[in-house]
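Asker: This is coords_19.txt, which holds compact mmCIF, C-alpha atoms:
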# COMPACT_ATOMS: atom_id res chain seq x y z
CA MET A 1 120.12 125.82 40.90
CA ILE A 2 122.95 127.16 38.74
CA VAL A 3 123.02 125.71 35.22
CA THR A 4 126.51 125.68 33.80
CA ASN A 5 127.30 126.02 30.11
CA PRO A 6 129.65 123.13 29.13
CA LYS A 7 131.12 125.04 26.19
CA LEU A 8 131.80 128.13 28.28
CA ASP A 9 133.24 125.95 31.05
CA PHE A 10 135.62 124.34 28.55
CA VAL A 11 136.69 127.72 27.18
CA ILE A 12 137.43 129.00 30.69
CA LYS A 13 139.64 125.95 31.38
CA CYS A 14 141.49 126.53 28.11
CA VAL A 15 142.04 130.20 29.01
CA VAL A 16 143.42 129.20 32.42
CA MET A 17 145.80 126.71 30.81
CA PHE A 18 146.91 129.31 28.25
CA PHE A 19 147.83 131.87 30.91
CA VAL A 20 149.65 129.27 33.03
CA ALA A 21 151.66 128.08 30.02
CA ALA A 22 152.32 131.65 28.86
CA ALA A 23 153.59 132.52 32.34
CA ILE A 24 155.98 129.54 32.29
CA PHE A 25 157.41 130.27 28.84
CA GLY A 26 157.40 134.00 29.51
CA ALA A 27 159.46 133.44 32.65
CA VAL A 28 161.91 131.29 30.68
CA VAL A 29 162.44 134.08 28.16
CA TYR A 30 162.40 136.92 30.70
CA ARG A 31 164.98 135.21 32.91
CA ASN A 32 166.97 134.21 29.81
CA ILE A 33 167.07 130.55 30.85
CA VAL A 34 168.89 128.76 28.04
CA THR A 35 166.50 126.46 26.14
CA ASP A 36 165.76 125.52 22.55
CA ILE A 37 163.18 128.31 22.48
CA GLN A 38 165.91 130.92 22.04
CA ASP A 39 167.88 128.67 19.67
CA HIS A 40 164.89 128.14 17.41
CA ALA A 41 164.17 131.88 17.30
CA GLY A 42 167.81 132.28 16.29
CA PHE A 43 167.38 129.69 13.54
CA ILE A 44 164.70 131.86 11.95
CA ILE A 45 167.12 134.80 11.84
CA GLN A 46 169.85 132.57 10.38
CA ILE A 47 167.49 131.33 7.68
CA LEU A 48 166.49 134.90 6.79
CA ALA A 49 170.17 135.88 6.62
CA GLY A 50 170.91 132.99 4.27
CA GLU A 51 173.22 131.36 6.81
CA LEU A 52 171.03 128.27 7.18
CA ILE A 53 169.12 126.22 4.63
CA PRO A 54 165.44 126.14 5.67
CA PRO A 55 164.65 122.79 7.33
CA PRO A 56 162.02 120.52 5.70
CA ASN A 57 160.20 120.35 9.06
CA PHE A 58 159.53 124.08 8.89
CA LEU A 59 156.00 124.47 10.28
CA TYR A 60 156.96 125.72 13.75
CA TYR A 61 159.44 128.26 12.40
CA LEU A 62 157.01 129.45 9.72
CA THR A 63 154.23 129.82 12.30
CA VAL A 64 156.36 131.96 14.61
CA TYR A 65 157.74 134.04 11.73
CA SER A 66 154.29 134.63 10.22
CA LEU A 67 152.67 135.58 13.53
CA ALA A 68 155.58 137.95 14.17
CA PHE A 69 154.45 139.71 10.97
CA PHE A 70 157.65 138.58 9.25
CA SER A 71 159.89 140.40 11.68
CA SER A 72 163.55 139.47 12.00
CA ASN A 73 163.86 141.07 15.43
CA PHE A 74 165.03 138.49 17.98
CA GLN A 75 162.95 139.87 20.88
CA THR A 76 159.81 139.98 18.77
CA LEU A 77 160.35 136.38 17.70
CA LEU A 78 160.82 135.36 21.33
CA ILE A 79 157.58 137.02 22.42
CA VAL A 80 155.67 135.34 19.60
CA SER A 81 157.37 132.02 20.46
CA VAL A 82 156.00 132.31 24.01
CA LEU A 83 152.47 132.84 22.68
CA VAL A 84 152.70 130.04 20.10
CA LEU A 85 154.00 127.56 22.69
CA ALA A 86 151.30 128.60 25.19
CA VAL A 87 148.68 127.92 22.52
CA ALA A 88 150.31 124.52 21.80
CA VAL A 89 150.13 123.50 25.48
CA THR A 90 146.53 124.73 25.61
CA ALA A 91 145.72 122.70 22.49
CA LYS A 92 147.31 119.64 24.09
CA PHE A 93 145.09 120.14 27.13
CA ALA A 94 142.02 120.70 24.92
CA VAL A 95 142.60 117.49 22.93
CA THR A 96 143.27 115.58 26.16
CA TYR A 97 140.04 116.90 27.69
CA GLN A 98 138.02 116.01 24.59
CA ILE A 99 139.45 112.49 24.47
CA PHE A 100 138.00 111.89 27.94
CA ARG A 101 134.64 113.29 26.83
CA LEU A 102 134.47 111.49 23.49
CA TYR A 103 135.57 108.13 24.86
CA TYR A 104 132.63 108.13 27.28
CA LYS A 105 130.20 109.78 24.89
CA ASP A 106 126.42 109.21 25.06
CA SER A 107 125.38 105.95 26.73
CA LEU A 108 128.93 105.10 27.75
CA LEU A 109 129.15 108.19 29.96
CA PRO A 110 129.57 106.97 33.54
CA GLN A 111 127.27 108.08 36.33
CA PRO A 112 127.03 110.39 38.16
CA ARG A 113 127.90 112.92 35.50
CA ASP A 114 128.89 115.72 37.88
CA ARG A 115 131.58 113.51 39.42
CA PHE A 116 132.74 112.56 35.91
CA GLY A 117 133.05 116.26 35.05
CA TRP A 118 135.33 117.24 37.89
CA LEU A 119 137.42 114.09 37.62
CA VAL A 120 138.02 114.79 33.92
CA THR A 121 138.95 118.38 34.78
CA ILE A 122 141.44 117.30 37.44
CA PHE A 123 143.15 114.69 35.25
CA ALA A 124 143.12 116.75 32.04
CA LEU A 125 144.61 119.78 33.82
CA SER A 126 147.19 117.63 35.64
CA LEU A 127 148.40 115.47 32.75
CA PRO A 128 150.36 118.29 31.01
CA PHE A 129 152.41 118.69 34.21
CA THR A 130 153.35 115.04 34.79
CA PHE A 131 157.06 114.28 34.71
CA SER A 132 159.68 111.66 35.56
CA LEU A 133 160.44 111.10 39.23
CA LEU A 134 163.74 112.13 40.74
CA THR A 135 166.67 109.67 40.39
CA PRO A 136 170.16 109.56 41.95
CA ALA A 137 171.47 111.06 38.69
CA ALA A 138 169.88 114.36 39.76
CA VAL A 139 172.75 114.75 42.24
CA ASN A 140 174.95 115.28 39.18
CA GLY A 141 172.49 117.82 37.78
CA ARG A 142 170.52 115.47 35.53
CA TRP A 143 166.82 115.18 36.27
CA TYR A 144 165.54 115.26 32.68
CA LEU A 145 168.48 113.85 30.70
CA GLY A 146 168.22 110.08 30.19
CA GLN A 147 164.60 109.86 31.36
CA ILE A 148 161.40 109.53 29.29
CA PRO A 149 159.22 112.35 30.66
CA PRO A 150 155.67 112.55 29.27
CA ASN A 151 156.10 116.33 28.98
CA VAL A 152 158.98 118.65 28.11
CA TRP A 153 159.19 122.41 28.58
CA HIS A 154 162.41 123.36 26.81
CA ASN A 155 162.11 122.09 23.23
CA SER A 156 159.88 124.27 21.04
CA THR A 157 159.23 121.84 18.22
CA THR A 158 158.32 118.95 20.53
CA ILE A 159 155.91 121.19 22.48
CA PHE A 160 154.39 122.38 19.19
CA LEU A 161 154.17 118.79 17.93
CA MET A 162 152.26 117.40 20.94
CA PRO A 163 148.68 118.43 20.03
CA PHE A 164 149.16 117.26 16.43
CA ALA A 165 150.53 113.89 17.61
CA LEU A 166 147.79 113.46 20.21
CA GLY A 167 145.17 114.38 17.62
CA LEU A 168 146.62 111.84 15.18
CA PHE A 169 146.53 109.16 17.87
CA TRP A 170 142.88 109.84 18.71
CA VAL A 171 141.55 110.10 15.14
CA SER A 172 143.48 106.99 14.08
CA TYR A 173 142.08 105.15 17.13
CA GLN A 174 138.57 106.13 16.04
CA ASN A 175 139.38 104.90 12.54
CA LEU A 176 140.47 101.56 13.98
CA VAL A 177 137.04 101.28 15.61
CA ILE A 178 134.97 102.51 12.65
CA PRO A 179 136.94 103.25 9.45
CA SER A 180 135.67 106.10 7.27
CA LEU A 181 136.83 108.19 4.33
CA ARG A 182 136.42 111.38 6.35
CA ARG A 183 138.69 110.10 9.12
CA ASN A 184 141.29 108.97 6.58
CA ILE A 185 141.38 112.50 5.16
CA VAL A 186 141.85 113.96 8.67
CA ILE A 187 144.56 111.37 9.38
CA LEU A 188 146.33 112.33 6.16
CA LEU A 189 146.29 116.02 7.10
CA LEU A 190 147.52 115.26 10.63
CA VAL A 191 150.28 113.00 9.25
CA ILE A 192 151.53 115.81 7.01
CA ALA A 193 151.31 118.33 9.89
CA ASN A 194 153.24 115.97 12.19
CA ILE A 195 156.04 115.53 9.67
CA LEU A 196 156.25 119.24 8.86
CA VAL A 197 156.60 120.06 12.57
CA LYS A 198 158.84 117.19 13.66
CA PRO A 199 158.72 113.66 12.20
CA SER A 200 159.43 111.94 15.53
CA PHE A 201 155.91 110.62 16.26
CA PHE A 202 155.41 109.53 12.66
CA PHE A 203 158.42 107.19 13.03
CA VAL A 204 156.32 105.23 15.50
CA PHE A 205 152.94 105.75 13.86
CA MET A 206 154.03 104.36 10.48
CA LEU A 207 155.15 101.13 12.16
CA VAL A 208 152.32 100.62 14.64
CA TYR A 209 149.19 101.88 12.90
CA PRO A 210 149.34 99.45 9.92
CA LEU A 211 149.72 96.53 12.36
CA MET A 212 146.73 97.74 14.38
CA LEU A 213 144.73 98.11 11.16
CA LEU A 214 145.70 94.60 10.15
CA GLY A 215 144.59 93.23 13.49
CA GLN A 216 141.26 95.07 13.37
CA ALA A 217 140.60 94.03 9.76
CA GLY A 218 141.32 90.40 10.59
CA GLY A 219 143.85 90.00 7.79
CA LEU A 220 144.67 91.44 4.38
CA ARG A 221 141.10 92.24 3.39
CA ARG A 222 140.10 94.76 0.73
CA SER A 223 139.06 97.29 3.40
CA PHE A 224 142.60 97.25 4.83
CA TRP A 225 144.41 98.91 1.92
CA PRO A 226 142.64 102.31 1.58
CA ASN A 227 143.42 103.03 5.24
CA LEU A 228 147.14 102.77 4.43
CA ILE A 229 147.08 105.74 2.05
CA PRO A 230 147.85 108.35 4.76
CA VAL A 231 150.79 106.22 5.95
CA ALA A 232 152.12 105.78 2.39
CA VAL A 233 151.95 109.54 1.74
CA GLY A 234 153.68 110.15 5.07
CA VAL A 235 156.50 107.76 4.18
CA ILE A 236 157.08 109.73 0.96
CA PHE A 237 157.25 112.98 2.94
CA LEU A 238 159.59 111.34 5.46
CA ALA A 239 161.92 110.05 2.73
CA ALA A 240 162.10 113.56 1.28
CA GLU A 241 162.93 114.97 4.73
CA TYR A 242 165.69 112.38 5.22
CA TYR A 243 167.22 113.35 1.89
CA LEU A 244 167.05 117.07 2.64
CA ILE A 245 168.34 116.81 6.22
CA TYR A 246 171.07 114.19 5.94
CA LEU A 247 172.18 114.48 2.32
CA ILE A 248 171.61 118.18 1.61
CA GLY A 249 172.13 119.45 5.17
CA ALA A 250 168.91 121.49 5.30
CA GLY A 251 168.35 122.96 8.75
CA ASN A 252 171.72 121.71 9.97
CA VAL A 253 173.83 124.29 11.81
CA HIS A 254 176.85 121.97 11.60
CA THR A 255 179.10 121.90 8.56
CA GLU A 256 179.78 118.16 8.95
CA SER A 257 177.31 115.70 7.45
CA GLY A 258 175.55 113.01 9.43
CA GLY A 259 173.22 110.07 9.09
CA VAL A 260 171.37 107.40 11.03
CA LYS A 261 172.92 104.28 12.51
CA PHE A 262 171.97 101.22 14.53
CA GLY A 263 173.60 101.83 17.92
CA PRO A 264 171.83 99.94 20.71
CA PHE A 265 171.71 102.02 23.92
CA SER A 266 174.81 104.01 22.92
CA VAL A 267 173.18 107.44 23.30
CA TRP A 268 170.75 106.48 26.07
CA ALA A 269 173.53 104.99 28.23
CA HIS A 270 175.49 108.19 27.70
CA TYR A 271 172.81 110.09 29.64
CA SER A 272 171.33 107.47 31.97
CA PRO A 273 173.47 105.37 34.36
CA ASN A 274 170.48 103.06 35.00
CA ILE A 275 168.15 102.65 32.01
CA ALA A 276 165.72 100.32 33.80
CA LEU A 277 165.30 102.88 36.58
CA SER A 278 164.84 105.65 34.02
CA ILE A 279 161.96 103.72 32.45
CA LEU A 280 160.33 103.03 35.83
CA VAL A 281 160.47 106.59 37.15
CA SER A 282 159.08 107.87 33.85
CA THR A 283 156.16 105.42 33.68
CA LEU A 284 155.20 104.75 37.30
CA PHE A 285 151.53 105.69 36.78
CA PRO A 286 150.87 103.36 33.80
CA VAL A 287 153.07 100.63 35.30
CA VAL A 288 151.11 100.56 38.57
CA TYR A 289 147.82 100.64 36.65
CA LEU A 290 148.87 97.77 34.39
CA ALA A 291 150.10 95.77 37.37
CA PHE A 292 146.45 95.52 38.46
CA TYR A 293 144.70 95.63 35.08
CA TRP A 294 147.13 93.92 32.68
CA ARG A 295 144.32 91.89 31.12
CA GLU A 296 142.95 95.12 29.64
CA LEU A 297 145.86 95.10 27.19
CA LEU A 298 144.09 92.20 25.49
CA LYS A 299 140.58 93.60 25.80
CA ASN A 300 140.86 97.36 25.38
CA LEU A 301 141.92 98.77 22.02
CA LEU A 302 142.68 102.30 23.29
CA LEU A 303 145.07 101.00 25.94
CA ARG A 304 146.70 98.44 23.66
CA TYR A 305 147.26 101.00 20.90
CA ALA A 306 148.81 103.54 23.31
CA VAL A 307 151.07 101.00 25.03
CA VAL A 308 152.33 99.53 21.74
CA LEU A 309 153.09 103.04 20.47
CA PHE A 310 155.10 103.72 23.62
CA VAL A 311 157.01 100.43 23.46
CA VAL A 312 157.97 101.02 19.82
CA GLY A 313 158.90 104.62 20.65
CA VAL A 314 161.24 103.42 23.40
CA LEU A 315 162.74 100.77 21.10
CA ILE A 316 163.58 103.47 18.54
CA MET A 317 165.07 105.56 21.35
CA ALA A 318 167.20 102.62 22.47
CA LEU A 319 168.33 101.27 19.10
CA LEU A 320 168.83 104.21 16.73
CA SER A 321 171.12 107.21 16.84
CA GLU A 322 172.55 109.80 14.50
CA THR A 323 176.10 109.93 13.24
CA GLY A 324 178.32 112.95 13.05
CA PRO A 325 178.17 116.03 15.31
CA ARG A 326 174.53 115.39 16.31
CA GLU A 327 175.14 111.87 17.61
CA PHE A 328 174.50 112.77 21.25
CA HIS A 329 171.76 115.33 20.62
CA GLY A 330 169.18 112.63 21.40
CA ASN A 331 167.03 113.35 18.35
CA PHE A 332 165.66 109.80 18.47
CA PHE A 333 164.38 110.40 22.02
CA TRP A 334 161.51 112.76 21.20
CA GLN A 335 159.01 110.13 20.02
CA ALA A 336 159.37 108.29 23.35
CA TYR A 337 158.34 111.44 25.24
CA VAL A 338 155.34 111.97 22.95
CA THR A 339 154.15 108.37 23.13
CA ASN A 340 154.60 108.32 26.90
CA TYR A 341 152.17 111.24 27.19
CA ILE A 342 149.74 109.38 24.93
CA GLN A 343 150.09 106.33 27.17
CA PHE A 344 149.41 108.48 30.26
CA VAL A 345 146.24 109.84 28.64
CA ALA A 346 144.93 106.39 27.69
CA VAL A 347 145.55 105.01 31.18
CA ALA A 348 143.97 108.08 32.82
CA VAL A 349 140.87 107.77 30.61
CA LEU A 350 140.29 104.18 31.68
CA PHE A 351 141.12 104.89 35.31
CA VAL A 352 138.56 107.71 35.47
CA GLY A 353 135.91 105.25 34.31
CA LYS A 354 136.81 102.93 37.16
CA LEU A 355 136.80 105.75 39.71
CA ILE A 356 133.32 106.79 38.60
CA ASN A 357 131.87 103.31 38.84
CA SER A 358 133.39 102.44 42.22
CA LYS A 359 131.60 103.17 45.50
CA MET A 360 134.79 103.36 47.56
CA LEU A 361 138.52 103.77 47.04
CA GLY A 362 140.25 100.47 47.64
CA ALA A 363 143.97 99.90 48.10
CA ARG A 364 144.65 99.44 44.39
CA PHE A 365 142.88 102.70 43.52
CA LEU A 366 144.88 104.55 46.16
CA LEU A 367 148.13 103.10 44.82
CA ILE A 368 147.29 104.15 41.26
CA LEU A 369 146.20 107.59 42.42
CA GLY A 370 149.37 107.85 44.48
CA ALA A 371 151.53 106.99 41.46
CA PHE A 372 149.75 109.63 39.37
CA GLY A 373 150.05 112.19 42.15
CA LEU A 374 153.78 111.53 42.46
CA GLN A 375 154.31 112.16 38.75
CA VAL A 376 152.31 115.40 38.90
CA PHE A 377 154.26 116.50 41.98
CA ALA A 378 157.49 115.59 40.17
CA GLY A 379 156.43 117.80 37.27
CA LEU A 380 155.78 120.78 39.51
CA ALA A 381 159.04 120.16 41.39
CA TYR A 382 160.93 119.91 38.09
CA LEU A 383 159.52 123.25 36.92
CA THR A 384 160.47 124.82 40.26
CA ARG A 385 164.01 123.47 39.93
CA PHE A 386 164.05 124.59 36.28
CA PHE A 387 163.53 128.22 37.32
CA PHE A 388 165.74 128.17 40.40
CA THR A 389 168.74 126.55 38.71
CA GLY A 390 168.20 127.96 35.22
CA SER A 391 168.78 124.50 33.73
CA TYR A 392 166.33 122.04 32.13
CA PHE A 393 168.85 119.19 32.46
Please express the file's structure as structure tokens.
Answerer:
Amino acid sequence: MIVTNPKLDFVIKCVVMFFVAAAIFGAVVYRNIVTDIQDHAGFIIQILAGELIPPPNFLYYLTVYSLAFFSSNFQTLLIVSVLVLAVAVTAKFAVTYQIFRLYYKDSLLPQPRDRFGWLVTIFALSLPFTFSLLTPAAVNGRWYLGQIPPNVWHNSTTIFLMPFALGLFWVSYQNLVIPSLRRNIVILLLVIANILVKPSFFFVFMLVYPLMLLGQAGGLRRSFWPNLIPVAVGVIFLAAEYYLIYLIGAGNVHTESGGVKFGPFSVWAHYSPNIALSILVSTLFPVVYLAFYWRELLKNLLLRYAVVLFVVGVLIMALLSETGPREFHGNFFWQAYVTNYIQFVAVAVLFVGKLINSKMLGARFLLILGAFGLQVFAGLAYLTRFFFTGSYF
């Protein structure tokens, strides 16, 4: 009988994910497919040349620049960008994998454990490749634009943000279950990291997490207030970023100023001819799951937290936009992509538990599995199209 080492097994899976991600980003750079990866490497050079005020959400740029040993060579920055982004995707996989493990820790671990292990491996390795299904808009060259994919492959800062956002979701979920000072400190650090990379997920977190805390505390009890400290600190950081970006112009390559406005569906409708369809093709897996298990929204905290985050993320996407030259850049879309991935993870975690405890695959299980499989297939097809057409649109 061969005894496997769980830690070594996990490391091997992370190494596999790293090389797959590195191959994808390496191919993007090698083939010179135009993405934000090249643009963001160029931003670093512009900042060093004094042509661009350093952005307040500087953590990605600083990481690449530091690991490039403070080089200003464009090719060197691109190579380091590939490695940093591959590590970010690997970290996203690692956090996803551990969420499965920790949710079913100890006595909650379903039986048999060997089946649990390979199911977790399949879902955790597949989730980073899920994507929106094809729509008629693809005929006009738009597969990604206007959709809410749970993963993106072209935007460096969003890719870099994902493990930090997913980590913040998981630790804050644990704090909702059992609050502790240690978790609040970790949440504070993750809040700051999120904002310094890209504040998109924090927009949603600062609205949803206090409401979840309030619900778990059963009202405005004394225990409620200390848990708000990480959110309050994050709001201060966010206000400073707003001032620096929109009033000072830090990190803005445009000479014209801009701001934030209430513009319901103005930007989204610009990219999607059918918003309802865009939502459906981007969320088929959770939608099919919830069609059968909608009562779990009331009973299961993990699912409810993830779904509410996604709904609020989509509302921000639909209702807010920038003014000025960046109006149609879709910078209020990113949090919807991040929260959709979080929703996918939460649904997959619960679905794996059901698969383990069932003796046979009924029609509903096959439908849910089919929906998940379609979104994974869509992700692989999207990447194939990405490389053949040279466009992430």
Asker: Find the residues near range 203-205 of chain A: any atom within 12 Å, counting all atoms listed in the file, skip ones fewer than 2 places away on the same chain, and give them as an mmCIF file with C-alpha atoms, keeping the file's coordinate frame.
Answerer:
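Listed below is the output, selection.cif:
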data_model
loop_
_atom_site.group_PDB
_atom_site.id
_atom_site.type_symbol
_atom_site.label_atom_id
_atom_site.label_comp_id
_atom_site.auth_asym_id
_atom_site.auth_seq_id
_atom_site.Cartn_x
_atom_site.Cartn_y
_atom_site.Cartn_z
ATOM 1 C CA ALA A 165 150.530 113.890 17.610
ATOM 2 C CA LEU A 166 147.790 113.460 20.210
ATOM 3 C CA LEU A 168 146.620 111.840 15.180
ATOM 4 C CA PHE A 169 146.530 109.160 17.870
ATOM 5 C CA TRP A 170 142.880 109.840 18.710
ATOM 6 C CA SER A 172 143.480 106.990 14.080
ATOM 7 C CA TYR A 173 142.080 105.150 17.130
ATOM 8 C CA ILE A 187 144.560 111.370 9.380
ATOM 9 C CA LEU A 190 147.520 115.260 10.630
ATOM 10 C CA VAL A 191 150.280 113.000 9.250
ATOM 11 C CA ASN A 194 153.240 115.970 12.190
ATOM 12 C CA ILE A 195 156.040 115.530 9.670
ATOM 13 C CA LYS A 198 158.840 117.190 13.660
ATOM 14 C CA PRO A 199 158.720 113.660 12.200
ATOM 15 C CA SER A 200 159.430 111.940 15.530
ATOM 16 C CA PHE A 201 155.910 110.620 16.260
ATOM 17 C CA LEU A 207 155.150 101.130 12.160
ATOM 18 C CA VAL A 208 152.320 100.620 14.640
ATOM 19 C CA TYR A 209 149.190 101.880 12.900
ATOM 20 C CA PRO A 210 149.340 99.450 9.920
ATOM 21 C CA LEU A 211 149.720 96.530 12.360
ATOM 22 C CA MET A 212 146.730 97.740 14.380
ATOM 23 C CA LEU A 213 144.730 98.110 11.160
ATOM 24 C CA LEU A 228 147.140 102.770 4.430
ATOM 25 C CA PRO A 230 147.850 108.350 4.760
ATOM 26 C CA VAL A 231 150.790 106.220 5.950
ATOM 27 C CA ALA A 232 152.120 105.780 2.390
ATOM 28 C CA GLY A 234 153.680 110.150 5.070
ATOM 29 C CA VAL A 235 156.500 107.760 4.180
ATOM 30 C CA PHE A 237 157.250 112.980 2.940
ATOM 31 C CA LEU A 238 159.590 111.340 5.460
ATOM 32 C CA ALA A 239 161.920 110.050 2.730
ATOM 33 C CA TYR A 242 165.690 112.380 5.220
ATOM 34 C CA TYR A 305 147.260 101.000 20.900
ATOM 35 C CA ALA A 306 148.810 103.540 23.310
ATOM 36 C CA VAL A 307 151.070 101.000 25.030
ATOM 37 C CA VAL A 308 152.330 99.530 21.740
ATOM 38 C CA LEU A 309 153.090 103.040 20.470
ATOM 39 C CA PHE A 310 155.100 103.720 23.620
ATOM 40 C CA VAL A 311 157.010 100.430 23.460
ATOM 41 C CA VAL A 312 157.970 101.020 19.820
ATOM 42 C CA GLY A 313 158.900 104.620 20.650
ATOM 43 C CA VAL A 314 161.240 103.420 23.400
ATOM 44 C CA LEU A 315 162.740 100.770 21.100
ATOM 45 C CA ILE A 316 163.580 103.470 18.540
ATOM 46 C CA MET A 317 165.070 105.560 21.350
ATOM 47 C CA LEU A 320 168.830 104.210 16.730
ATOM 48 C CA ASN A 331 167.030 113.350 18.350
ATOM 49 C CA PHE A 332 165.660 109.800 18.470
ATOM 50 C CA PHE A 333 164.380 110.400 22.020
ATOM 51 C CA TRP A 334 161.510 112.760 21.200
ATOM 52 C CA GLN A 335 159.010 110.130 20.020
ATOM 53 C CA ALA A 336 159.370 108.290 23.350
ATOM 54 C CA TYR A 337 158.340 111.440 25.240
ATOM 55 C CA VAL A 338 155.340 111.970 22.950
ATOM 56 C CA THR A 339 154.150 108.370 23.130
ATOM 57 C CA ASN A 340 154.600 108.320 26.900
#
Asker: What's around Ile279 in chain A at 12 Å? Count only C-alpha atoms, leave out sequence neighbours fewer than 3 positions away in its own chain, and write the answer as an MDAnalysis selection string.
Answerer: chainID A and resid 131:135 146:150 268 272:276 282:287 310:311 314:315 317:318 336:337 340
Asker: Report, in Å with one decimal, the straight-line distance from CA of Val376 in chain A to CA of Arg364 in chain A.
Answerer: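 Going from CA of Val376 in chain A over to CA of Arg364 in chain A covers 18.5 Å.
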Asker: Residues near range 60-72 of chain A, anyone? I mean within 10 Å using all atoms listed in the file, not counting same-chain ones fewer than 3 positions away, as number ranges by chain.
Answerer: A: 40-49, 54-55, 57, 75-85, 156-161, 196-198
Asker: Skip range 92-95 of chain A itself and residues of its chain fewer than 6 positions away, then list as a list in words all residues within 10 Å of it, counting all atoms listed in the file.
Answerer: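 Skipping anything fewer than 6 positions along the chain leaves Phe10, Val11, Lys13, Cys14, Met17, Phe18, Ala86, Arg101, Thr121, Phe123, Ala124, Leu125, Ser126, Leu127, Pro128, Ile159, Phe160, Leu161, Met162, Pro163, Phe164, Ala165, Leu166, Gly167 and Trp170 of chain A.
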Asker: Suppose you want the space between CA of Tyr144 in chain A and CA of Val16 in chain A; what is it in Å?
Answerer: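 Computing it gives 26.1 Å between the two atoms.
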Asker: Restricting the calculation to all atoms listed in the file, which member of A:Val152, A:Leu350, A:Ala363, A:Ile122 is positioned closest to Tyr293 in chain A?
Answerer: A:Leu350
Asker: Go through A:Gly117, A:Pro56, A:Gly26, A:Gly370 one by one, measure the shortest atom-to-atom distance of each to Gly353 in chain A using only C-alpha atoms, and give the residue with the smallest value.
Answerer: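 Closest candidate: A:Gly117.
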Asker: Between CA of Gly218 in chain A and CA of Trp294 in chain A, what is the spacing in Å?
Answerer: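 These atoms are spaced 23.1 Å apart.
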Asker: For Leu319 in chain A, which residue among A:Ile192, A:Leu380, A:Val260, A:Ala217 is the nearest when counting all atoms listed in the file?
Answerer: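 Smallest separation from Leu319 in chain A among the options: A:Val260.
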Asker: Which of these, A:Phe74, A:Phe365, A:Tyr97, A:Phe393, has the shortest distance to Leu119 in chain A once you count all atoms listed in the file?
Answerer: A:Tyr97
Asker: Give the answer as one residue: which of A:Ile185, A:Val288, A:Tyr30, A:Glu322 has the shortest atom-to-atom distance to Pro264 in chain A, using all atoms listed in the file?
Answerer: A:Glu322
Asker: With a distance cut-off of 12 Å and all atoms listed in the file, select the neighbouring residues of range 383-391 of chain A, excluding the residue or stretch itself and same-chain residues fewer than 4 positions from it, and output the selection as a ChimeraX atom specification.
Answerer: /A:21,23-36,128-132,134,138,141-145,151-154,376-379
Asker: Would you write out those residues with C-alpha atoms, as a compact mmCIF listing (two decimals), in the coordinates of the input?
Answerer:
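Below is the file part.txt, written as the result:
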# COMPACT_ATOMS: atom_id res chain seq x y z
CA ALA A 21 151.66 128.08 30.02
CA ALA A 23 153.59 132.52 32.34
CA ILE A 24 155.98 129.54 32.29
CA PHE A 25 157.41 130.27 28.84
CA GLY A 26 157.40 134.00 29.51
CA ALA A 27 159.46 133.44 32.65
CA VAL A 28 161.91 131.29 30.68
CA VAL A 29 162.44 134.08 28.16
CA TYR A 30 162.40 136.92 30.70
CA ARG A 31 164.98 135.21 32.91
CA ASN A 32 166.97 134.21 29.81
CA ILE A 33 167.07 130.55 30.85
CA VAL A 34 168.89 128.76 28.04
CA THR A 35 166.50 126.46 26.14
CA ASP A 36 165.76 125.52 22.55
CA PRO A 128 150.36 118.29 31.01
CA PHE A 129 152.41 118.69 34.21
CA THR A 130 153.35 115.04 34.79
CA PHE A 131 157.06 114.28 34.71
CA SER A 132 159.68 111.66 35.56
CA LEU A 134 163.74 112.13 40.74
CA ALA A 138 169.88 114.36 39.76
CA GLY A 141 172.49 117.82 37.78
CA ARG A 142 170.52 115.47 35.53
CA TRP A 143 166.82 115.18 36.27
CA TYR A 144 165.54 115.26 32.68
CA LEU A 145 168.48 113.85 30.70
CA ASN A 151 156.10 116.33 28.98
CA VAL A 152 158.98 118.65 28.11
CA TRP A 153 159.19 122.41 28.58
CA HIS A 154 162.41 123.36 26.81
CA VAL A 376 152.31 115.40 38.90
CA PHE A 377 154.26 116.50 41.98
CA ALA A 378 157.49 115.59 40.17
CA GLY A 379 156.43 117.80 37.27
